[in-house]
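Below is one structure, written out as structure tokens, with a few remarks after it.
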There are 2 protein chains.
Amino acid sequence: MVKDAIHEGLTAVEEQLRHIVNSDVDLLTDAGLHIITSGGKRLRPQLGILAYLAVGGQNLMEVVPMAAAVEMVHTATLVHDDINDHSLTRRGKITVHAKWGRTFALLAGDYLFTKVYELMAPYGPDYNVIMADACIKLVEGETLQAAAAKAGVMDRETYKTIISRKTASLFEAAARMGAMLGGGDEKSIEALAAYAYSLGLTFQIVDDILDIVGDPEEMGKPAGLDLAQNRGVMMAQNGGHSEVADADVAVAELPDDPIARMMAQLRESGAVEIARLQAEETGARARAALAELPDSEVRDEMLELIELVLERNR
Amino acid sequence: MVKDAIHEGLTAVEEQLRHIVNSDVDLLTDAGLHIITSGGKRLRPQLGILAYLAVGGQNLMEVVPMAAAVEMVHTATLVHDDINDHSLTRRGKITVHAKWGRTFALLAGDYLFTKVYELMAPYGPDYNVIMADACIKLVEGETLQAAAAKAGVMDRETYKTIISRKTASLFEAAARMGAMLGGGDEKSIEALAAYAYSLGLTFQIVDDILDIVGDPEEMGKPAGLDLAQNRGVMMAQNGGHSEVADADVAVAELPDDPIARMMAQLRESGAVEIARLQAEETGARARAALAELPDSEVRDEMLELIELVLERNR
């Protein structure tokens, strides 16, 4: 029954996303639909819906525009990320940037941001302050990431700050707003926000691991892409510096291609294993946050989601 | 006395703009301050303040964050425009794009958009719906402009749609929200919105004329820049197609440089003169809208602003 409600909510989110990008400027509709229909995991809207249901929210349509808005924030940043990363494919499809060119991709990303604003406007100050704050943190996180990539250095503290701001903050906001909309009490709201925040950290760490060890066919994008963008230094922090990793592996075993070589080094250095343990730890924090809530079918779904995030391979 | 109030409001807007871009991510603070302190005309916040005062608003601090927000929308789009136009200077200063590179300019523009959201969040649904709508129109207008530039064709109707959405809509939103915040009645709100909308059209037409005939030293950017970006077709619509303009001018008189040549053609074709008349017409519409309001010192200031926009040379 809870599964039905989640499904109903997510279906309504899909409709809302497809509807909201409509414009009489065809290019914006086309580019918007292109990225929206490319099959994201919809984790952020799902968190909004789960939190809403967890506190006893009864009218899903209250939470749907907000859930669509958090997915739209994520979608807008993907379009801009692909410009900066010169990415040609995303989720197995050509990127907006590759299909329409840089100028239109930049405008399409801006357009999707304005749609976040349109979706959120009716919710009033309390919600818009939370959403604005999450958006600010997200851009700050991406800027820190780009700066670290450019400098070619990334310590553990910086990595934590980056994934906290660029990923976990929006996860947290989705759950916090969902719980508020559902009429949750202060304790429940904070527990659900903490759960989503830790789940966001877990998700991002696993995502960074998959970039190193994932199967390109299952991922829908080339492995080592983040590494090629010099973002693999994120992982390298776990094994010290890449020079250290270098020394750990016999040179004769390494492939010639520099990206394949760096990936092999990271696999061998123990960095991936350490990252894996960090993901298990943040996953455990997410589980602990849920212990604050009474036992329920929705809570079981949220526990299950932690396992799915930890076990995913694409 | 009204001049004092306007000055007080605009000073508070400056402070708000400088304060709001603060981040612990230094690059975002630096890039934000760089563009904010590069000396814009602050027309949009001025319209918000004027409309607020025109309907008898008494507490300027009510309108300041909104006025700062409309300027921030404009500022964010400038940063992204400069990426798409490969512009090196803006208002006589190096662009964010030229100084920090494309990746950080894209993120800095996104950051400024999130600050619009932060500034507006406390105002509640009525205001945020207006602002979201203006932001959507702005991006649509820019997309239509980029599409027309790419296609190399621009008819009069398309030109009108573009300047309406990319410029006049935000002018209108600033005045509408200012009048609402000041407690204006329906008739006053609509009159002030109509005034600002027509002023926005006037401003943009004059801006496009100045790109063709303006003095580069006074403009703080190279003349013919929009032309170089193939946006001069906007003006060409007034003289028919550029082929037509071509036939009107003796070839021997034309310079070799293609941009200088196209500028000369536009000057000679009568396109600039027609655009000038269109600006006078939209200026007259702005004047007519103000006739709906009782005589006042604020109204005189708004009438004066129309003349300043029509007479500006940079």
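Ordering of the structure tokens sets the chain letters (A, B, ...); residue numbers start at 1 within each chain; ligands are numbered from 1 in the order shown.
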
Give me, as a PDB file with N, CA and C atoms, in the first residue's frame, all polymer residues having an atom no more than 12 Å from Glu304 (chain B), counting only C-alpha atoms and skipping those fewer than 3 positions away in the same chain.
ATOM      1  N   LYS B   3      13.818  62.618  -4.545  1.00  0.00           N
ATOM      2  CA  LYS B   3      15.174  62.268  -4.996  1.00  0.00           C
ATOM      3  C   LYS B   3      15.985  61.648  -3.853  1.00  0.00           C
ATOM      4  N   LEU B  50      10.753  53.390  -7.478  1.00  0.00           N
ATOM      5  CA  LEU B  50       9.852  54.454  -7.953  1.00  0.00           C
ATOM      6  C   LEU B  50       8.388  54.025  -7.852  1.00  0.00           C
ATOM      7  N   LEU B 199       8.944  51.259 -21.017  1.00  0.00           N
ATOM      8  CA  LEU B 199      10.285  51.798 -20.795  1.00  0.00           C
ATOM      9  C   LEU B 199      11.349  50.739 -21.112  1.00  0.00           C
ATOM     10  N   GLY B 283       8.511  55.026 -25.980  1.00  0.00           N
ATOM     11  CA  GLY B 283       8.670  56.049 -24.946  1.00  0.00           C
ATOM     12  C   GLY B 283       7.363  56.805 -24.713  1.00  0.00           C
ATOM     13  N   ALA B 286       5.042  54.759 -22.688  1.00  0.00           N
ATOM     14  CA  ALA B 286       5.404  54.811 -21.265  1.00  0.00           C
ATOM     15  C   ALA B 286       4.842  56.084 -20.636  1.00  0.00           C
ATOM     16  N   ARG B 287       4.963  57.196 -21.365  1.00  0.00           N
ATOM     17  CA  ARG B 287       4.435  58.485 -20.893  1.00  0.00           C
ATOM     18  C   ARG B 287       2.920  58.405 -20.711  1.00  0.00           C
ATOM     19  N   LEU B 290       1.675  56.684 -17.612  1.00  0.00           N
ATOM     20  CA  LEU B 290       1.780  57.496 -16.388  1.00  0.00           C
ATOM     21  C   LEU B 290       0.646  58.498 -16.255  1.00  0.00           C
ATOM     22  N   GLU B 297       5.515  64.283  -7.458  1.00  0.00           N
ATOM     23  CA  GLU B 297       6.957  64.420  -7.636  1.00  0.00           C
ATOM     24  C   GLU B 297       7.562  63.115  -8.171  1.00  0.00           C
ATOM     25  N   VAL B 298       7.045  61.980  -7.670  1.00  0.00           N
ATOM     26  CA  VAL B 298       7.557  60.679  -8.124  1.00  0.00           C
ATOM     27  C   VAL B 298       7.240  60.477  -9.602  1.00  0.00           C
ATOM     28  N   ARG B 299       6.021  60.878  -9.989  1.00  0.00           N
ATOM     29  CA  ARG B 299       5.643  60.729 -11.388  1.00  0.00           C
ATOM     30  C   ARG B 299       6.558  61.563 -12.275  1.00  0.00           C
ATOM     31  N   ASP B 300       6.908  62.752 -11.818  1.00  0.00           N
ATOM     32  CA  ASP B 300       7.848  63.592 -12.578  1.00  0.00           C
ATOM     33  C   ASP B 300       9.191  62.875 -12.766  1.00  0.00           C
ATOM     34  N   GLU B 301       9.634  62.216 -11.717  1.00  0.00           N
ATOM     35  CA  GLU B 301      10.889  61.465 -11.815  1.00  0.00           C
ATOM     36  C   GLU B 301      10.784  60.357 -12.859  1.00  0.00           C
ATOM     37  N   GLU B 307      12.984  60.233 -20.598  1.00  0.00           N
ATOM     38  CA  GLU B 307      13.854  61.106 -21.404  1.00  0.00           C
ATOM     39  C   GLU B 307      15.318  60.667 -21.297  1.00  0.00           C
ATOM     40  N   LEU B 308      15.710  60.290 -20.082  1.00  0.00           N
ATOM     41  CA  LEU B 308      17.104  59.843 -19.892  1.00  0.00           C
ATOM     42  C   LEU B 308      17.394  58.599 -20.723  1.00  0.00           C
ATOM     43  N   VAL B 309      16.437  57.702 -20.759  1.00  0.00           N
ATOM     44  CA  VAL B 309      16.620  56.462 -21.533  1.00  0.00           C
ATOM     45  C   VAL B 309      16.692  56.785 -23.027  1.00  0.00           C
ATOM     46  N   LEU B 310      15.842  57.690 -23.458  1.00  0.00           N
ATOM     47  CA  LEU B 310      15.829  58.055 -24.884  1.00  0.00           C
ATOM     48  C   LEU B 310      17.097  58.800 -25.295  1.00  0.00           C
ATOM     49  N   GLU B 311      17.641  59.579 -24.365  1.00  0.00           N
ATOM     50  CA  GLU B 311      18.785  60.434 -24.719  1.00  0.00           C
ATOM     51  C   GLU B 311      20.139  59.825 -24.394  1.00  0.00           C
TER      52      GLU B 311
END

Might you pull out every residue within 8 Å of Phe171 (chain A), with only C-alpha atoms counted and same-chain residues fewer than 2 positions away left off, and present them as an mmCIF file with N, CA and C atoms, in the first residue's frame?
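So part.cif came out as:
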data_model
loop_
_atom_site.group_PDB
_atom_site.id
_atom_site.type_symbol
_atom_site.label_atom_id
_atom_site.label_comp_id
_atom_site.auth_asym_id
_atom_site.auth_seq_id
_atom_site.Cartn_x
_atom_site.Cartn_y
_atom_site.Cartn_z
ATOM 1 N N ARG A 44 15.717 12.037 -5.385
ATOM 2 C CA ARG A 44 15.378 13.240 -4.616
ATOM 3 C C ARG A 44 13.861 13.385 -4.440
ATOM 4 N N LEU A 47 12.585 10.881 -1.954
ATOM 5 C CA LEU A 47 12.827 11.242 -0.560
ATOM 6 C C LEU A 47 11.770 12.216 -0.057
ATOM 7 N N THR A 167 25.625 17.391 -3.079
ATOM 8 C CA THR A 167 24.652 16.289 -3.159
ATOM 9 C C THR A 167 23.768 16.182 -1.917
ATOM 10 N N ALA A 168 24.392 16.085 -0.740
ATOM 11 C CA ALA A 168 23.619 15.780 0.470
ATOM 12 C C ALA A 168 22.639 16.896 0.845
ATOM 13 N N SER A 169 23.003 18.161 0.574
ATOM 14 C CA SER A 169 22.129 19.276 0.965
ATOM 15 C C SER A 169 20.768 19.214 0.267
ATOM 16 N N ALA A 173 17.151 18.693 1.923
ATOM 17 C CA ALA A 173 16.070 19.662 1.715
ATOM 18 C C ALA A 173 14.793 18.961 1.259
ATOM 19 N N ALA A 174 14.944 17.990 0.367
ATOM 20 C CA ALA A 174 13.770 17.267 -0.140
ATOM 21 C C ALA A 174 13.016 16.593 1.004
ATOM 22 N N ALA A 175 13.748 15.902 1.874
ATOM 23 C CA ALA A 175 13.106 15.199 2.989
ATOM 24 C C ALA A 175 12.544 16.189 4.010
ATOM 25 N N ALA A 196 18.139 11.702 5.193
ATOM 26 C CA ALA A 196 18.336 12.030 3.783
ATOM 27 C C ALA A 196 19.731 12.605 3.535
ATOM 28 N N TYR A 197 20.205 13.384 4.504
ATOM 29 C CA TYR A 197 21.544 13.957 4.374
ATOM 30 C C TYR A 197 22.596 12.843 4.305
ATOM 31 N N LEU A 199 22.092 9.722 3.559
ATOM 32 C CA LEU A 199 21.855 8.939 2.343
ATOM 33 C C LEU A 199 22.491 9.641 1.135
ATOM 34 N N GLY A 200 22.424 10.961 1.126
ATOM 35 C CA GLY A 200 23.042 11.732 0.037
ATOM 36 C C GLY A 200 24.554 11.549 -0.005
#

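Using only C-alpha atoms, the nearest neighbour of Lys166 (chain A) within the list A:Gln145, A:Thr282, A:Ser87, A:Gln46 is A:Gln145.
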
So, counting only C-alpha atoms, which residue among B:Val64, B:Ala149, B:Leu17, B:Ala98 is closest to chain A? B:Ala149

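Of the residues listed (A:Met263, A:Leu33, A:Leu119, A:Val55), A:Leu119 shows the shortest atom-to-atom separation from chain B; distances use only C-alpha atoms.
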
May I have a table of the residues of chain A lying at most 9 Å from chain B, giving each one's closest pair of atoms and their distance in Å to one decimal, counting only C-alpha atoms, ordered by chain and ascending residue number, as JSON lines?
{"residue": "A:Ser23", "atom": "CA", "partner": "B:Glu140", "partner_atom": "CA", "distance": 8.1}
{"residue": "A:Asp24", "atom": "CA", "partner": "B:Glu140", "partner_atom": "CA", "distance": 8.6}
{"residue": "A:Val25", "atom": "CA", "partner": "B:Glu140", "partner_atom": "CA", "distance": 6.5}
{"residue": "A:Leu27", "atom": "CA", "partner": "B:Thr143", "partner_atom": "CA", "distance": 8.0}
{"residue": "A:Leu28", "atom": "CA", "partner": "B:Glu140", "partner_atom": "CA", "distance": 7.7}
{"residue": "A:His80", "atom": "CA", "partner": "B:Leu106", "partner_atom": "CA", "distance": 7.6}
{"residue": "A:Asp81", "atom": "CA", "partner": "B:Thr103", "partner_atom": "CA", "distance": 8.9}
{"residue": "A:Ile83", "atom": "CA", "partner": "B:Thr103", "partner_atom": "CA", "distance": 8.3}
{"residue": "A:Asn84", "atom": "CA", "partner": "B:Thr103", "partner_atom": "CA", "distance": 5.5}
{"residue": "A:Asp85", "atom": "CA", "partner": "B:Thr103", "partner_atom": "CA", "distance": 8.8}
{"residue": "A:Arg102", "atom": "CA", "partner": "B:Asn84", "partner_atom": "CA", "distance": 7.8}
{"residue": "A:Thr103", "atom": "CA", "partner": "B:Asn84", "partner_atom": "CA", "distance": 5.5}
{"residue": "A:Phe104", "atom": "CA", "partner": "B:Thr143", "partner_atom": "CA", "distance": 7.0}
{"residue": "A:Leu106", "atom": "CA", "partner": "B:His80", "partner_atom": "CA", "distance": 7.6}
{"residue": "A:Leu107", "atom": "CA", "partner": "B:Thr143", "partner_atom": "CA", "distance": 6.5}
{"residue": "A:Ala108", "atom": "CA", "partner": "B:Val139", "partner_atom": "CA", "distance": 8.2}
{"residue": "A:Asp110", "atom": "CA", "partner": "B:Val139", "partner_atom": "CA", "distance": 6.9}
{"residue": "A:Tyr111", "atom": "CA", "partner": "B:Val139", "partner_atom": "CA", "distance": 5.9}
{"residue": "A:Leu112", "atom": "CA", "partner": "B:Ile136", "partner_atom": "CA", "distance": 8.9}
{"residue": "A:Phe113", "atom": "CA", "partner": "B:Phe113", "partner_atom": "CA", "distance": 8.3}
{"residue": "A:Thr114", "atom": "CA", "partner": "B:Ile136", "partner_atom": "CA", "distance": 5.6}
{"residue": "A:Lys115", "atom": "CA", "partner": "B:Ile136", "partner_atom": "CA", "distance": 7.3}
{"residue": "A:Val116", "atom": "CA", "partner": "B:Ala132", "partner_atom": "CA", "distance": 8.7}
{"residue": "A:Tyr117", "atom": "CA", "partner": "B:Ala132", "partner_atom": "CA", "distance": 5.6}
{"residue": "A:Glu118", "atom": "CA", "partner": "B:Ala132", "partner_atom": "CA", "distance": 5.2}
{"residue": "A:Leu119", "atom": "CA", "partner": "B:Ala132", "partner_atom": "CA", "distance": 8.9}
{"residue": "A:Met120", "atom": "CA", "partner": "B:Asn128", "partner_atom": "CA", "distance": 8.5}
{"residue": "A:Ala121", "atom": "CA", "partner": "B:Asn128", "partner_atom": "CA", "distance": 5.1}
{"residue": "A:Pro122", "atom": "CA", "partner": "B:Pro125", "partner_atom": "CA", "distance": 4.7}
{"residue": "A:Tyr123", "atom": "CA", "partner": "B:Pro125", "partner_atom": "CA", "distance": 6.6}
{"residue": "A:Gly124", "atom": "CA", "partner": "B:Gly124", "partner_atom": "CA", "distance": 4.7}
{"residue": "A:Pro125", "atom": "CA", "partner": "B:Pro122", "partner_atom": "CA", "distance": 4.7}
{"residue": "A:Asp126", "atom": "CA", "partner": "B:Pro122", "partner_atom": "CA", "distance": 7.7}
{"residue": "A:Tyr127", "atom": "CA", "partner": "B:Ala121", "partner_atom": "CA", "distance": 8.2}
{"residue": "A:Asn128", "atom": "CA", "partner": "B:Ala121", "partner_atom": "CA", "distance": 5.1}
{"residue": "A:Val129", "atom": "CA", "partner": "B:Ala121", "partner_atom": "CA", "distance": 5.4}
{"residue": "A:Ile130", "atom": "CA", "partner": "B:Ala121", "partner_atom": "CA", "distance": 9.0}
{"residue": "A:Met131", "atom": "CA", "partner": "B:Tyr117", "partner_atom": "CA", "distance": 8.5}
{"residue": "A:Ala132", "atom": "CA", "partner": "B:Glu118", "partner_atom": "CA", "distance": 5.2}
{"residue": "A:Asp133", "atom": "CA", "partner": "B:Glu118", "partner_atom": "CA", "distance": 7.1}
{"residue": "A:Cys135", "atom": "CA", "partner": "B:Thr114", "partner_atom": "CA", "distance": 6.1}
{"residue": "A:Ile136", "atom": "CA", "partner": "B:Thr114", "partner_atom": "CA", "distance": 5.6}
{"residue": "A:Val139", "atom": "CA", "partner": "B:Tyr111", "partner_atom": "CA", "distance": 5.9}
{"residue": "A:Glu140", "atom": "CA", "partner": "B:Val25", "partner_atom": "CA", "distance": 6.5}
{"residue": "A:Gly141", "atom": "CA", "partner": "B:Val25", "partner_atom": "CA", "distance": 8.7}
{"residue": "A:Glu142", "atom": "CA", "partner": "B:Leu107", "partner_atom": "CA", "distance": 7.7}
{"residue": "A:Thr143", "atom": "CA", "partner": "B:Leu107", "partner_atom": "CA", "distance": 6.5}
{"residue": "A:Leu144", "atom": "CA", "partner": "B:Val25", "partner_atom": "CA", "distance": 7.0}
{"residue": "A:Ala146", "atom": "CA", "partner": "B:Phe104", "partner_atom": "CA", "distance": 7.7}
{"residue": "A:Ala147", "atom": "CA", "partner": "B:Phe104", "partner_atom": "CA", "distance": 8.5}

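Reported to one decimal place, the separation of CA of His19 (chain A) from CA of Ile6 (chain A) is 19.8 Å.
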
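The gap separating CA of Ala289 (chain A) from CA of Ala191 (chain A) is 5.4 Å, in Å to one decimal.
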
In terms of only C-alpha atoms, the residue from A:Val2, A:Leu305, A:Gly56, A:Phe203 at minimal distance from Asp185 (chain A) is A:Gly56
